[in-house]
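Participant: One file: target27.cif (mmCIF, N, CA, C and O atoms).
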```cif
data_coords
#
loop_
_atom_site.label_atom_id
_atom_site.label_comp_id
_atom_site.auth_asym_id
_atom_site.auth_seq_id
_atom_site.Cartn_x
_atom_site.Cartn_y
_atom_site.Cartn_z
N GLN A 695 9.66 -189.48 50.57
CA GLN A 695 10.01 -188.92 51.87
C GLN A 695 10.44 -187.47 51.71
O GLN A 695 11.10 -187.11 50.74
N THR A 696 10.11 -186.74 52.71
CA THR A 696 10.55 -185.35 52.72
C THR A 696 12.01 -185.31 53.18
O THR A 696 12.50 -186.27 53.80
N PRO A 697 12.70 -184.23 52.89
CA PRO A 697 14.11 -184.14 53.33
C PRO A 697 14.26 -184.28 54.85
O PRO A 697 15.22 -184.89 55.33
N GLU A 698 13.32 -183.74 55.62
CA GLU A 698 13.41 -183.84 57.08
C GLU A 698 13.27 -185.29 57.53
O GLU A 698 13.99 -185.74 58.43
N GLU A 699 12.34 -186.02 56.90
CA GLU A 699 12.17 -187.43 57.26
C GLU A 699 13.40 -188.24 56.89
O GLU A 699 13.83 -189.13 57.62
N ARG A 700 13.97 -187.93 55.75
CA ARG A 700 15.18 -188.63 55.30
C ARG A 700 16.35 -188.34 56.24
O ARG A 700 17.10 -189.25 56.61
N LEU A 701 16.50 -187.10 56.64
CA LEU A 701 17.57 -186.74 57.59
C LEU A 701 17.37 -187.44 58.93
O LEU A 701 18.33 -187.92 59.54
N THR A 702 16.14 -187.50 59.40
CA THR A 702 15.84 -188.19 60.65
C THR A 702 16.17 -189.67 60.53
O THR A 702 16.76 -190.26 61.44
N SER A 703 15.79 -190.27 59.40
CA SER A 703 16.08 -191.68 59.17
C SER A 703 17.59 -191.94 59.13
O SER A 703 18.08 -192.89 59.75
N LEU A 704 18.32 -191.09 58.44
CA LEU A 704 19.78 -191.24 58.37
C LEU A 704 20.43 -191.05 59.74
O LEU A 704 21.36 -191.77 60.10
N SER A 705 19.93 -190.09 60.49
CA SER A 705 20.46 -189.84 61.82
C SER A 705 20.24 -191.05 62.73
O SER A 705 21.14 -191.45 63.49
N ASP A 706 19.07 -191.66 62.65
CA ASP A 706 18.78 -192.85 63.44
C ASP A 706 19.70 -194.00 63.04
O ASP A 706 20.19 -194.75 63.90
N MET A 707 19.93 -194.16 61.73
CA MET A 707 20.81 -195.22 61.25
C MET A 707 22.24 -195.00 61.74
O MET A 707 22.92 -195.95 62.13
N ILE A 708 22.69 -193.76 61.73
CA ILE A 708 24.05 -193.45 62.20
C ILE A 708 24.16 -193.75 63.69
O ILE A 708 25.14 -194.38 64.13
N GLU A 709 23.18 -193.33 64.47
CA GLU A 709 23.22 -193.58 65.92
C GLU A 709 23.22 -195.08 66.22
O GLU A 709 23.95 -195.54 67.10
N THR A 710 22.41 -195.84 65.50
CA THR A 710 22.37 -197.29 65.69
C THR A 710 23.71 -197.92 65.33
O THR A 710 24.24 -198.75 66.08
N SER A 711 24.28 -197.51 64.22
CA SER A 711 25.58 -198.05 63.79
C SER A 711 26.69 -197.68 64.77
O SER A 711 27.56 -198.51 65.06
N LEU A 712 26.66 -196.46 65.27
CA LEU A 712 27.66 -196.06 66.26
C LEU A 712 27.52 -196.85 67.55
O LEU A 712 28.51 -197.19 68.20
N GLY A 713 26.28 -197.15 67.92
CA GLY A 713 26.06 -197.97 69.12
C GLY A 713 26.63 -199.37 68.97
O GLY A 713 27.29 -199.89 69.88
N VAL A 714 26.42 -199.97 67.80
CA VAL A 714 26.95 -201.31 67.54
C VAL A 714 28.48 -201.26 67.51
O VAL A 714 29.15 -202.12 68.11
N LEU A 715 29.04 -200.27 66.84
CA LEU A 715 30.49 -200.13 66.78
C LEU A 715 31.07 -199.89 68.17
O LEU A 715 32.12 -200.43 68.52
N SER A 716 30.38 -199.12 68.99
CA SER A 716 30.84 -198.88 70.36
C SER A 716 30.88 -200.18 71.16
O SER A 716 31.81 -200.41 71.94
N GLN A 717 29.87 -201.03 70.98
CA GLN A 717 29.85 -202.32 71.67
C GLN A 717 31.02 -203.19 71.24
O GLN A 717 31.69 -203.81 72.07
N HIS A 718 31.27 -203.23 69.94
CA HIS A 718 32.40 -204.02 69.43
C HIS A 718 33.73 -203.44 69.91
O HIS A 718 34.64 -204.20 70.26
N GLN A 719 33.85 -202.13 69.91
CA GLN A 719 35.09 -201.49 70.38
C GLN A 719 35.32 -201.79 71.85
O GLN A 719 36.44 -202.07 72.26
N THR A 720 34.26 -201.74 72.65
CA THR A 720 34.38 -202.04 74.07
C THR A 720 34.82 -203.48 74.29
O THR A 720 35.73 -203.75 75.09
N SER A 721 34.21 -204.40 73.57
CA SER A 721 34.57 -205.81 73.69
C SER A 721 36.03 -206.03 73.27
O SER A 721 36.77 -206.77 73.93
N HIS A 722 36.44 -205.40 72.19
CA HIS A 722 37.82 -205.52 71.72
C HIS A 722 38.80 -204.96 72.76
O HIS A 722 39.84 -205.57 73.04
N LEU A 723 38.46 -203.82 73.32
CA LEU A 723 39.33 -203.18 74.30
C LEU A 723 39.47 -204.05 75.55
O LEU A 723 40.58 -204.27 76.05
N LEU A 724 38.35 -204.58 76.05
CA LEU A 724 38.41 -205.45 77.23
C LEU A 724 39.22 -206.70 76.95
O LEU A 724 39.99 -207.16 77.79
N SER A 725 39.07 -207.25 75.75
CA SER A 725 39.82 -208.44 75.38
C SER A 725 41.31 -208.13 75.27
O SER A 725 42.15 -208.88 75.77
N ALA A 726 41.65 -207.02 74.62
CA ALA A 726 43.05 -206.64 74.45
C ALA A 726 43.73 -206.36 75.79
O ALA A 726 44.92 -206.62 75.95
N LEU A 727 42.98 -205.84 76.74
CA LEU A 727 43.54 -205.55 78.05
C LEU A 727 43.57 -206.78 78.95
O LEU A 727 44.16 -206.75 80.03
N GLY A 728 42.91 -207.85 78.53
CA GLY A 728 42.87 -209.07 79.34
C GLY A 728 41.79 -209.04 80.40
O GLY A 728 41.83 -209.83 81.34
N LEU A 729 40.85 -208.13 80.28
CA LEU A 729 39.80 -207.98 81.29
C LEU A 729 38.49 -208.68 80.94
O LEU A 729 37.60 -208.76 81.76
N LEU A 730 38.38 -209.19 79.74
CA LEU A 730 37.11 -209.76 79.28
C LEU A 730 36.70 -210.96 80.13
O LEU A 730 35.53 -211.10 80.50
N SER A 731 37.64 -211.82 80.45
CA SER A 731 37.30 -213.03 81.20
C SER A 731 36.92 -212.75 82.65
O SER A 731 36.15 -213.49 83.24
N ILE A 732 37.46 -211.68 83.22
CA ILE A 732 37.14 -211.38 84.62
C ILE A 732 36.17 -210.22 84.78
O ILE A 732 35.84 -209.86 85.90
N SER A 733 35.70 -209.67 83.67
CA SER A 733 34.80 -208.52 83.77
C SER A 733 33.51 -208.82 84.55
O SER A 733 33.04 -207.96 85.28
N PRO A 734 32.90 -210.02 84.43
CA PRO A 734 31.70 -210.26 85.25
C PRO A 734 32.00 -210.21 86.76
O PRO A 734 31.17 -209.77 87.54
N LEU A 735 33.20 -210.63 87.15
CA LEU A 735 33.56 -210.59 88.57
C LEU A 735 33.80 -209.17 89.05
O LEU A 735 33.52 -208.83 90.19
N LEU A 736 34.34 -208.32 88.16
CA LEU A 736 34.68 -206.95 88.54
C LEU A 736 33.48 -206.01 88.48
O LEU A 736 33.48 -204.98 89.13
N SER A 737 32.47 -206.36 87.70
CA SER A 737 31.34 -205.45 87.52
C SER A 737 30.27 -205.61 88.58
O SER A 737 29.21 -205.02 88.48
N GLY A 738 30.52 -206.39 89.60
CA GLY A 738 29.53 -206.54 90.66
C GLY A 738 28.54 -207.65 90.41
O GLY A 738 27.68 -207.92 91.24
N GLU A 739 28.65 -208.34 89.27
CA GLU A 739 27.74 -209.44 88.97
C GLU A 739 28.28 -210.76 89.50
O GLU A 739 27.63 -211.79 89.35
N GLY A 740 29.46 -210.73 90.07
CA GLY A 740 30.08 -211.96 90.57
C GLY A 740 29.37 -212.48 91.81
O GLY A 740 28.48 -211.86 92.38
N ASP A 741 29.79 -213.66 92.23
CA ASP A 741 29.17 -214.31 93.38
C ASP A 741 29.96 -214.11 94.66
O ASP A 741 29.74 -214.80 95.64
N GLY A 742 30.90 -213.19 94.65
CA GLY A 742 31.70 -212.93 95.84
C GLY A 742 32.96 -213.77 95.92
O GLY A 742 33.65 -213.76 96.94
N THR A 743 33.25 -214.51 94.86
CA THR A 743 34.43 -215.35 94.82
C THR A 743 35.68 -214.46 94.85
O THR A 743 35.77 -213.52 94.07
N PRO A 744 36.61 -214.74 95.74
CA PRO A 744 37.85 -213.96 95.74
C PRO A 744 38.60 -214.14 94.42
O PRO A 744 38.66 -215.24 93.88
N LEU A 745 39.12 -213.05 93.88
CA LEU A 745 39.81 -213.12 92.60
C LEU A 745 41.02 -214.04 92.64
O LEU A 745 41.39 -214.62 91.63
N ALA A 746 41.64 -214.20 93.81
CA ALA A 746 42.82 -215.06 93.91
C ALA A 746 42.48 -216.51 93.61
O ALA A 746 43.37 -217.29 93.26
N THR A 747 41.22 -216.90 93.74
CA THR A 747 40.83 -218.28 93.49
C THR A 747 40.31 -218.51 92.07
O THR A 747 40.00 -219.63 91.70
N VAL A 748 40.20 -217.45 91.28
CA VAL A 748 39.69 -217.55 89.91
C VAL A 748 40.84 -217.90 88.97
O VAL A 748 41.89 -217.27 89.02
N PRO A 749 40.63 -218.93 88.12
CA PRO A 749 41.69 -219.26 87.14
C PRO A 749 42.01 -218.04 86.27
O PRO A 749 41.13 -217.34 85.81
N GLY A 750 43.28 -217.82 86.05
CA GLY A 750 43.70 -216.69 85.23
C GLY A 750 43.93 -215.41 86.03
O GLY A 750 44.24 -214.37 85.46
N CYS A 751 43.76 -215.47 87.34
CA CYS A 751 43.98 -214.28 88.18
C CYS A 751 45.18 -214.47 89.10
O CYS A 751 45.25 -213.86 90.16
N HIS A 752 46.10 -215.30 88.71
CA HIS A 752 47.31 -215.47 89.50
C HIS A 752 48.15 -214.20 89.38
O HIS A 752 47.91 -213.36 88.50
N PRO A 753 49.12 -214.01 90.25
CA PRO A 753 49.89 -212.75 90.26
C PRO A 753 50.50 -212.36 88.91
O PRO A 753 50.51 -211.19 88.55
N ALA A 754 50.99 -213.32 88.15
CA ALA A 754 51.59 -212.99 86.84
C ALA A 754 50.54 -212.45 85.88
O ALA A 754 50.81 -211.51 85.11
N ALA A 755 49.33 -213.02 85.91
CA ALA A 755 48.26 -212.54 85.03
C ALA A 755 47.83 -211.13 85.43
O ALA A 755 47.57 -210.29 84.56
N VAL A 756 47.74 -210.88 86.71
CA VAL A 756 47.37 -209.55 87.18
C VAL A 756 48.45 -208.53 86.78
O VAL A 756 48.14 -207.41 86.38
N HIS A 757 49.71 -208.94 86.86
CA HIS A 757 50.79 -208.06 86.44
C HIS A 757 50.71 -207.76 84.94
O HIS A 757 50.94 -206.63 84.50
N THR A 758 50.35 -208.77 84.15
CA THR A 758 50.19 -208.59 82.71
C THR A 758 49.07 -207.60 82.42
O THR A 758 49.21 -206.72 81.57
N ILE A 759 47.94 -207.75 83.12
CA ILE A 759 46.82 -206.82 82.95
C ILE A 759 47.24 -205.41 83.32
O ILE A 759 46.94 -204.45 82.62
N SER A 760 47.98 -205.29 84.42
CA SER A 760 48.46 -203.97 84.84
C SER A 760 49.38 -203.35 83.80
O SER A 760 49.27 -202.15 83.49
N SER A 761 50.23 -204.16 83.22
CA SER A 761 51.14 -203.66 82.17
C SER A 761 50.36 -203.22 80.94
O SER A 761 50.66 -202.18 80.34
N ARG A 762 49.35 -204.00 80.56
CA ARG A 762 48.52 -203.64 79.41
C ARG A 762 47.73 -202.36 79.68
O ARG A 762 47.56 -201.53 78.78
N LEU A 763 47.24 -202.20 80.90
CA LEU A 763 46.54 -200.96 81.25
C LEU A 763 47.47 -199.76 81.14
O LEU A 763 47.07 -198.71 80.63
N ASP A 764 48.69 -199.91 81.62
CA ASP A 764 49.67 -198.82 81.51
C ASP A 764 49.94 -198.46 80.05
O ASP A 764 49.99 -197.28 79.70
N SER A 765 50.10 -199.48 79.21
CA SER A 765 50.33 -199.23 77.78
C SER A 765 49.13 -198.54 77.15
O SER A 765 49.29 -197.63 76.33
N TRP A 766 47.94 -198.97 77.52
CA TRP A 766 46.71 -198.36 76.97
C TRP A 766 46.60 -196.90 77.40
O TRP A 766 46.24 -196.05 76.60
N LEU A 767 46.92 -196.63 78.65
CA LEU A 767 46.84 -195.24 79.13
C LEU A 767 47.86 -194.35 78.43
O LEU A 767 47.61 -193.17 78.20
N ALA A 768 49.01 -194.92 78.07
CA ALA A 768 50.03 -194.15 77.37
C ALA A 768 49.66 -193.87 75.92
O ALA A 768 49.99 -192.81 75.39
N ALA A 769 48.96 -194.82 75.28
CA ALA A 769 48.60 -194.66 73.86
C ALA A 769 47.25 -195.33 73.60
O ALA A 769 47.19 -196.42 73.04
N PRO A 770 46.15 -194.68 74.00
CA PRO A 770 44.83 -195.32 73.88
C PRO A 770 44.39 -195.57 72.43
O PRO A 770 43.63 -196.49 72.17
N ASP A 771 44.89 -194.80 71.49
CA ASP A 771 44.47 -194.97 70.09
C ASP A 771 45.01 -196.25 69.46
O ASP A 771 44.51 -196.69 68.42
N LEU A 772 46.02 -196.86 70.06
CA LEU A 772 46.58 -198.08 69.49
C LEU A 772 45.62 -199.25 69.57
O LEU A 772 45.76 -200.21 68.81
N LEU A 773 44.66 -199.20 70.47
CA LEU A 773 43.71 -200.31 70.62
C LEU A 773 42.37 -200.04 69.95
O LEU A 773 41.40 -200.74 70.22
N LEU A 774 42.32 -199.05 69.07
CA LEU A 774 41.09 -198.81 68.33
C LEU A 774 40.94 -199.85 67.22
O LEU A 774 41.92 -200.21 66.57
N LEU A 775 39.72 -200.30 67.01
CA LEU A 775 39.45 -201.20 65.89
C LEU A 775 39.68 -200.46 64.57
O LEU A 775 39.49 -199.25 64.50
N PRO A 776 40.06 -201.18 63.53
CA PRO A 776 40.21 -200.52 62.23
C PRO A 776 38.94 -199.80 61.78
O PRO A 776 39.01 -198.72 61.20
N ALA A 777 37.79 -200.40 62.07
CA ALA A 777 36.52 -199.75 61.68
C ALA A 777 36.35 -198.42 62.39
O ALA A 777 35.80 -197.47 61.83
N THR A 778 36.82 -198.32 63.61
CA THR A 778 36.73 -197.06 64.35
C THR A 778 37.69 -196.04 63.75
O THR A 778 37.35 -194.88 63.59
N ARG A 779 38.89 -196.50 63.40
CA ARG A 779 39.87 -195.58 62.80
C ARG A 779 39.40 -195.05 61.45
O ARG A 779 39.78 -193.96 61.05
N LEU A 780 38.60 -195.84 60.73
CA LEU A 780 38.17 -195.46 59.39
C LEU A 780 36.96 -194.53 59.38
O LEU A 780 36.55 -194.08 58.31
N LEU A 781 36.40 -194.23 60.55
CA LEU A 781 35.29 -193.28 60.58
C LEU A 781 35.77 -191.92 60.07
O LEU A 781 36.81 -191.42 60.49
N VAL A 782 35.02 -191.34 59.17
CA VAL A 782 35.40 -190.05 58.58
C VAL A 782 35.27 -188.93 59.61
O VAL A 782 36.12 -188.06 59.72
N SER A 783 34.22 -188.99 60.39
CA SER A 783 33.96 -187.94 61.37
C SER A 783 34.80 -188.14 62.63
O SER A 783 34.72 -189.18 63.29
N SER A 784 35.60 -187.15 62.96
CA SER A 784 36.38 -187.23 64.20
C SER A 784 35.47 -187.22 65.42
O SER A 784 35.79 -187.82 66.44
N GLY A 785 34.33 -186.58 65.30
CA GLY A 785 33.36 -186.58 66.40
C GLY A 785 32.82 -187.97 66.66
O GLY A 785 32.66 -188.37 67.82
N HIS A 786 32.57 -188.72 65.60
CA HIS A 786 32.09 -190.09 65.77
C HIS A 786 33.18 -190.98 66.35
O HIS A 786 32.92 -191.83 67.20
N ARG A 787 34.43 -190.79 65.89
CA ARG A 787 35.55 -191.55 66.46
C ARG A 787 35.69 -191.28 67.95
O ARG A 787 35.87 -192.19 68.75
N ARG A 788 35.61 -190.00 68.32
CA ARG A 788 35.71 -189.64 69.73
C ARG A 788 34.57 -190.26 70.53
O ARG A 788 34.78 -190.73 71.65
N HIS A 789 33.36 -190.25 69.97
CA HIS A 789 32.21 -190.82 70.67
C HIS A 789 32.41 -192.32 70.93
O HIS A 789 32.20 -192.79 72.05
N VAL A 790 32.82 -193.06 69.90
CA VAL A 790 33.02 -194.51 70.04
C VAL A 790 34.13 -194.78 71.05
O VAL A 790 33.99 -195.64 71.94
N ALA A 791 35.23 -194.05 70.95
CA ALA A 791 36.34 -194.24 71.90
C ALA A 791 35.91 -193.86 73.31
O ALA A 791 36.25 -194.56 74.27
N HIS A 792 35.16 -192.78 73.44
CA HIS A 792 34.71 -192.34 74.77
C HIS A 792 33.82 -193.39 75.43
O HIS A 792 33.97 -193.68 76.62
N VAL A 793 32.91 -193.98 74.66
CA VAL A 793 32.02 -195.00 75.22
C VAL A 793 32.82 -196.20 75.71
O VAL A 793 32.61 -196.69 76.83
N SER A 794 33.75 -196.68 74.89
CA SER A 794 34.54 -197.85 75.30
C SER A 794 35.47 -197.53 76.47
O SER A 794 35.60 -198.31 77.41
N HIS A 795 36.08 -196.35 76.45
CA HIS A 795 36.97 -195.97 77.55
C HIS A 795 36.17 -195.78 78.84
O HIS A 795 36.64 -196.16 79.92
N SER A 796 34.99 -195.20 78.72
CA SER A 796 34.15 -195.01 79.91
C SER A 796 33.75 -196.34 80.53
O SER A 796 33.71 -196.47 81.75
N HIS A 797 33.48 -197.33 79.68
CA HIS A 797 33.11 -198.64 80.19
C HIS A 797 34.27 -199.26 80.97
O HIS A 797 34.07 -199.82 82.04
N VAL A 798 35.48 -199.16 80.43
CA VAL A 798 36.65 -199.71 81.11
C VAL A 798 36.87 -198.97 82.43
O VAL A 798 37.11 -199.58 83.47
N MET A 799 36.77 -197.66 82.41
CA MET A 799 36.99 -196.88 83.63
C MET A 799 35.92 -197.18 84.67
O MET A 799 36.21 -197.26 85.87
N GLU A 800 34.68 -197.35 84.22
CA GLU A 800 33.60 -197.68 85.15
C GLU A 800 33.86 -199.04 85.81
O GLU A 800 33.69 -199.21 87.01
N MET A 801 34.30 -200.01 85.01
CA MET A 801 34.58 -201.33 85.56
C MET A 801 35.78 -201.27 86.50
O MET A 801 35.79 -201.92 87.53
N TYR A 802 36.77 -200.48 86.15
CA TYR A 802 37.97 -200.37 86.96
C TYR A 802 37.70 -199.72 88.32
O TYR A 802 38.29 -200.10 89.33
N THR A 803 36.79 -198.76 88.35
CA THR A 803 36.55 -198.04 89.60
C THR A 803 35.57 -198.76 90.53
O THR A 803 35.44 -198.37 91.69
N LYS A 804 34.91 -199.81 90.05
CA LYS A 804 33.99 -200.54 90.93
C LYS A 804 34.70 -201.44 91.86
O LYS A 804 35.70 -201.97 91.71
#
```
Give the structure from this file in structure tokens form.
Facilitator:
Amino acid sequence: QTPEERLTSLSDMIETSLGVLSQHQTSHLLSALGLLSISPLLSGEGDGTPLATVPGCHPAAVHTISSRLDSWLAAPDLLLLPATRLLVSSGHRRHVAHVSHSHVMEMYTK
């Protein structure tokens, strides 16, 4: 392989790995915030069921989710996966965190 082909191959591998890590980071973040179980209802894929009738959406659970969201907004780096923290490139860490944070914000604003 020529150096250009090798660089292209490595770049593709990095992008693929970052995509997989971003998916895992997003899933971890949603789970840590308590949103994973209700995310299908919040993302518009639900069947129109009122959240008050969904198990796990009682007022105390919603208050817990709200508290976790407040904590996450105060210190978003605390919910990063160890694999994300171990990335050498700060640009890659920012990219993975941005993708997962964007997903949460997109779900929250719908």
Participant: Could the residues of region 732-777 of chain A that have an atom at most 12 Å from region 712-715 of chain A be listed as CSV, each with its closest atom pair and the distance in Å to one decimal, counting only C-alpha atoms and ordered by chain and ascending residue number?
Facilitator:
```
residue,atom,partner,partner_atom,distance
A:Leu774,CA,A:Leu715,CA,10.8
A:Leu775,CA,A:Leu715,CA,9.1
A:Pro776,CA,A:Leu715,CA,10.7
A:Ala777,CA,A:Leu715,CA,7.9
```
Participant: Got a sec to tell me which of chain A DSSP assigns to helix (DSSP H, G or I), as a PyMOL selection string?
Facilitator: chain A and resi 697-727+733-736+745-747+753-768+770-773+776-779+784-803
Participant: Do you know which residues are at most 9 Å from region 728-733 of chain A counting only C-alpha atoms, after dropping those on the same chain fewer than 5 positions away, and could you put them as a PyMOL selection string?
Facilitator: chain A and resi 721-723+738-740+745+748+750-751+755+758-759+762+798+801
Participant: What does the distance between atom O of Leu763 (chain A) and CA of Glu709 (chain A) come to in Å, to one decimal place?
Facilitator: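 If I compute the distance from atom O of Leu763 (chain A) to CA of Glu709 (chain A), I get 28.5 Å.
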Participant: Evaluated on this file, the PyMOL selection byres (((chain A and resi 778 and name CA) around 12) and name CA) picks out some residues - which ones are they, written as an NGL selection string?
Facilitator: :A and (711-720 or 722-723 or 771-777 or 779-792 or 794)
Participant: May I have the selected residues written with N, CA, C and O atoms, as a compact mmCIF listing (two decimals), in the coordinates of the input?
Facilitator:
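out_34.txt was written with the following content:
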```txt
# COMPACT_ATOMS: atom_id res chain seq x y z
N SER A 711 24.28 -197.51 64.22
CA SER A 711 25.58 -198.05 63.79
C SER A 711 26.69 -197.68 64.77
O SER A 711 27.56 -198.51 65.06
N LEU A 712 26.66 -196.46 65.27
CA LEU A 712 27.66 -196.06 66.26
C LEU A 712 27.52 -196.85 67.55
O LEU A 712 28.51 -197.19 68.20
N GLY A 713 26.28 -197.15 67.92
CA GLY A 713 26.06 -197.97 69.12
C GLY A 713 26.63 -199.37 68.97
O GLY A 713 27.29 -199.89 69.88
N VAL A 714 26.42 -199.97 67.80
CA VAL A 714 26.95 -201.31 67.54
C VAL A 714 28.48 -201.26 67.51
O VAL A 714 29.15 -202.12 68.11
N LEU A 715 29.04 -200.27 66.84
CA LEU A 715 30.49 -200.13 66.78
C LEU A 715 31.07 -199.89 68.17
O LEU A 715 32.12 -200.43 68.52
N SER A 716 30.38 -199.12 68.99
CA SER A 716 30.84 -198.88 70.36
C SER A 716 30.88 -200.18 71.16
O SER A 716 31.81 -200.41 71.94
N GLN A 717 29.87 -201.03 70.98
CA GLN A 717 29.85 -202.32 71.67
C GLN A 717 31.02 -203.19 71.24
O GLN A 717 31.69 -203.81 72.07
N HIS A 718 31.27 -203.23 69.94
CA HIS A 718 32.40 -204.02 69.43
C HIS A 718 33.73 -203.44 69.91
O HIS A 718 34.64 -204.20 70.26
N GLN A 719 33.85 -202.13 69.91
CA GLN A 719 35.09 -201.49 70.38
C GLN A 719 35.32 -201.79 71.85
O GLN A 719 36.44 -202.07 72.26
N THR A 720 34.26 -201.74 72.65
CA THR A 720 34.38 -202.04 74.07
C THR A 720 34.82 -203.48 74.29
O THR A 720 35.73 -203.75 75.09
N HIS A 722 36.44 -205.40 72.19
CA HIS A 722 37.82 -205.52 71.72
C HIS A 722 38.80 -204.96 72.76
O HIS A 722 39.84 -205.57 73.04
N LEU A 723 38.46 -203.82 73.32
CA LEU A 723 39.33 -203.18 74.30
C LEU A 723 39.47 -204.05 75.55
O LEU A 723 40.58 -204.27 76.05
N ASP A 771 44.89 -194.80 71.49
CA ASP A 771 44.47 -194.97 70.09
C ASP A 771 45.01 -196.25 69.46
O ASP A 771 44.51 -196.69 68.42
N LEU A 772 46.02 -196.86 70.06
CA LEU A 772 46.58 -198.08 69.49
C LEU A 772 45.62 -199.25 69.57
O LEU A 772 45.76 -200.21 68.81
N LEU A 773 44.66 -199.20 70.47
CA LEU A 773 43.71 -200.31 70.62
C LEU A 773 42.37 -200.04 69.95
O LEU A 773 41.40 -200.74 70.22
N LEU A 774 42.32 -199.05 69.07
CA LEU A 774 41.09 -198.81 68.33
C LEU A 774 40.94 -199.85 67.22
O LEU A 774 41.92 -200.21 66.57
N LEU A 775 39.72 -200.30 67.01
CA LEU A 775 39.45 -201.20 65.89
C LEU A 775 39.68 -200.46 64.57
O LEU A 775 39.49 -199.25 64.50
N PRO A 776 40.06 -201.18 63.53
CA PRO A 776 40.21 -200.52 62.23
C PRO A 776 38.94 -199.80 61.78
O PRO A 776 39.01 -198.72 61.20
N ALA A 777 37.79 -200.40 62.07
CA ALA A 777 36.52 -199.75 61.68
C ALA A 777 36.35 -198.42 62.39
O ALA A 777 35.80 -197.47 61.83
N ARG A 779 38.89 -196.50 63.40
CA ARG A 779 39.87 -195.58 62.80
C ARG A 779 39.40 -195.05 61.45
O ARG A 779 39.78 -193.96 61.05
N LEU A 780 38.60 -195.84 60.73
CA LEU A 780 38.17 -195.46 59.39
C LEU A 780 36.96 -194.53 59.38
O LEU A 780 36.55 -194.08 58.31
N LEU A 781 36.40 -194.23 60.55
CA LEU A 781 35.29 -193.28 60.58
C LEU A 781 35.77 -191.92 60.07
O LEU A 781 36.81 -191.42 60.49
N VAL A 782 35.02 -191.34 59.17
CA VAL A 782 35.40 -190.05 58.58
C VAL A 782 35.27 -188.93 59.61
O VAL A 782 36.12 -188.06 59.72
N SER A 783 34.22 -188.99 60.39
CA SER A 783 33.96 -187.94 61.37
C SER A 783 34.80 -188.14 62.63
O SER A 783 34.72 -189.18 63.29
N SER A 784 35.60 -187.15 62.96
CA SER A 784 36.38 -187.23 64.20
C SER A 784 35.47 -187.22 65.42
O SER A 784 35.79 -187.82 66.44
N GLY A 785 34.33 -186.58 65.30
CA GLY A 785 33.36 -186.58 66.40
C GLY A 785 32.82 -187.97 66.66
O GLY A 785 32.66 -188.37 67.82
N HIS A 786 32.57 -188.72 65.60
CA HIS A 786 32.09 -190.09 65.77
C HIS A 786 33.18 -190.98 66.35
O HIS A 786 32.92 -191.83 67.20
N ARG A 787 34.43 -190.79 65.89
CA ARG A 787 35.55 -191.55 66.46
C ARG A 787 35.69 -191.28 67.95
O ARG A 787 35.87 -192.19 68.75
N ARG A 788 35.61 -190.00 68.32
CA ARG A 788 35.71 -189.64 69.73
C ARG A 788 34.57 -190.26 70.53
O ARG A 788 34.78 -190.73 71.65
N HIS A 789 33.36 -190.25 69.97
CA HIS A 789 32.21 -190.82 70.67
C HIS A 789 32.41 -192.32 70.93
O HIS A 789 32.20 -192.79 72.05
N VAL A 790 32.82 -193.06 69.90
CA VAL A 790 33.02 -194.51 70.04
C VAL A 790 34.13 -194.78 71.05
O VAL A 790 33.99 -195.64 71.94
N ALA A 791 35.23 -194.05 70.95
CA ALA A 791 36.34 -194.24 71.90
C ALA A 791 35.91 -193.86 73.31
O ALA A 791 36.25 -194.56 74.27
N HIS A 792 35.16 -192.78 73.44
CA HIS A 792 34.71 -192.34 74.77
C HIS A 792 33.82 -193.39 75.43
O HIS A 792 33.97 -193.68 76.62
N SER A 794 33.75 -196.68 74.89
CA SER A 794 34.54 -197.85 75.30
C SER A 794 35.47 -197.53 76.47
O SER A 794 35.60 -198.31 77.41
```
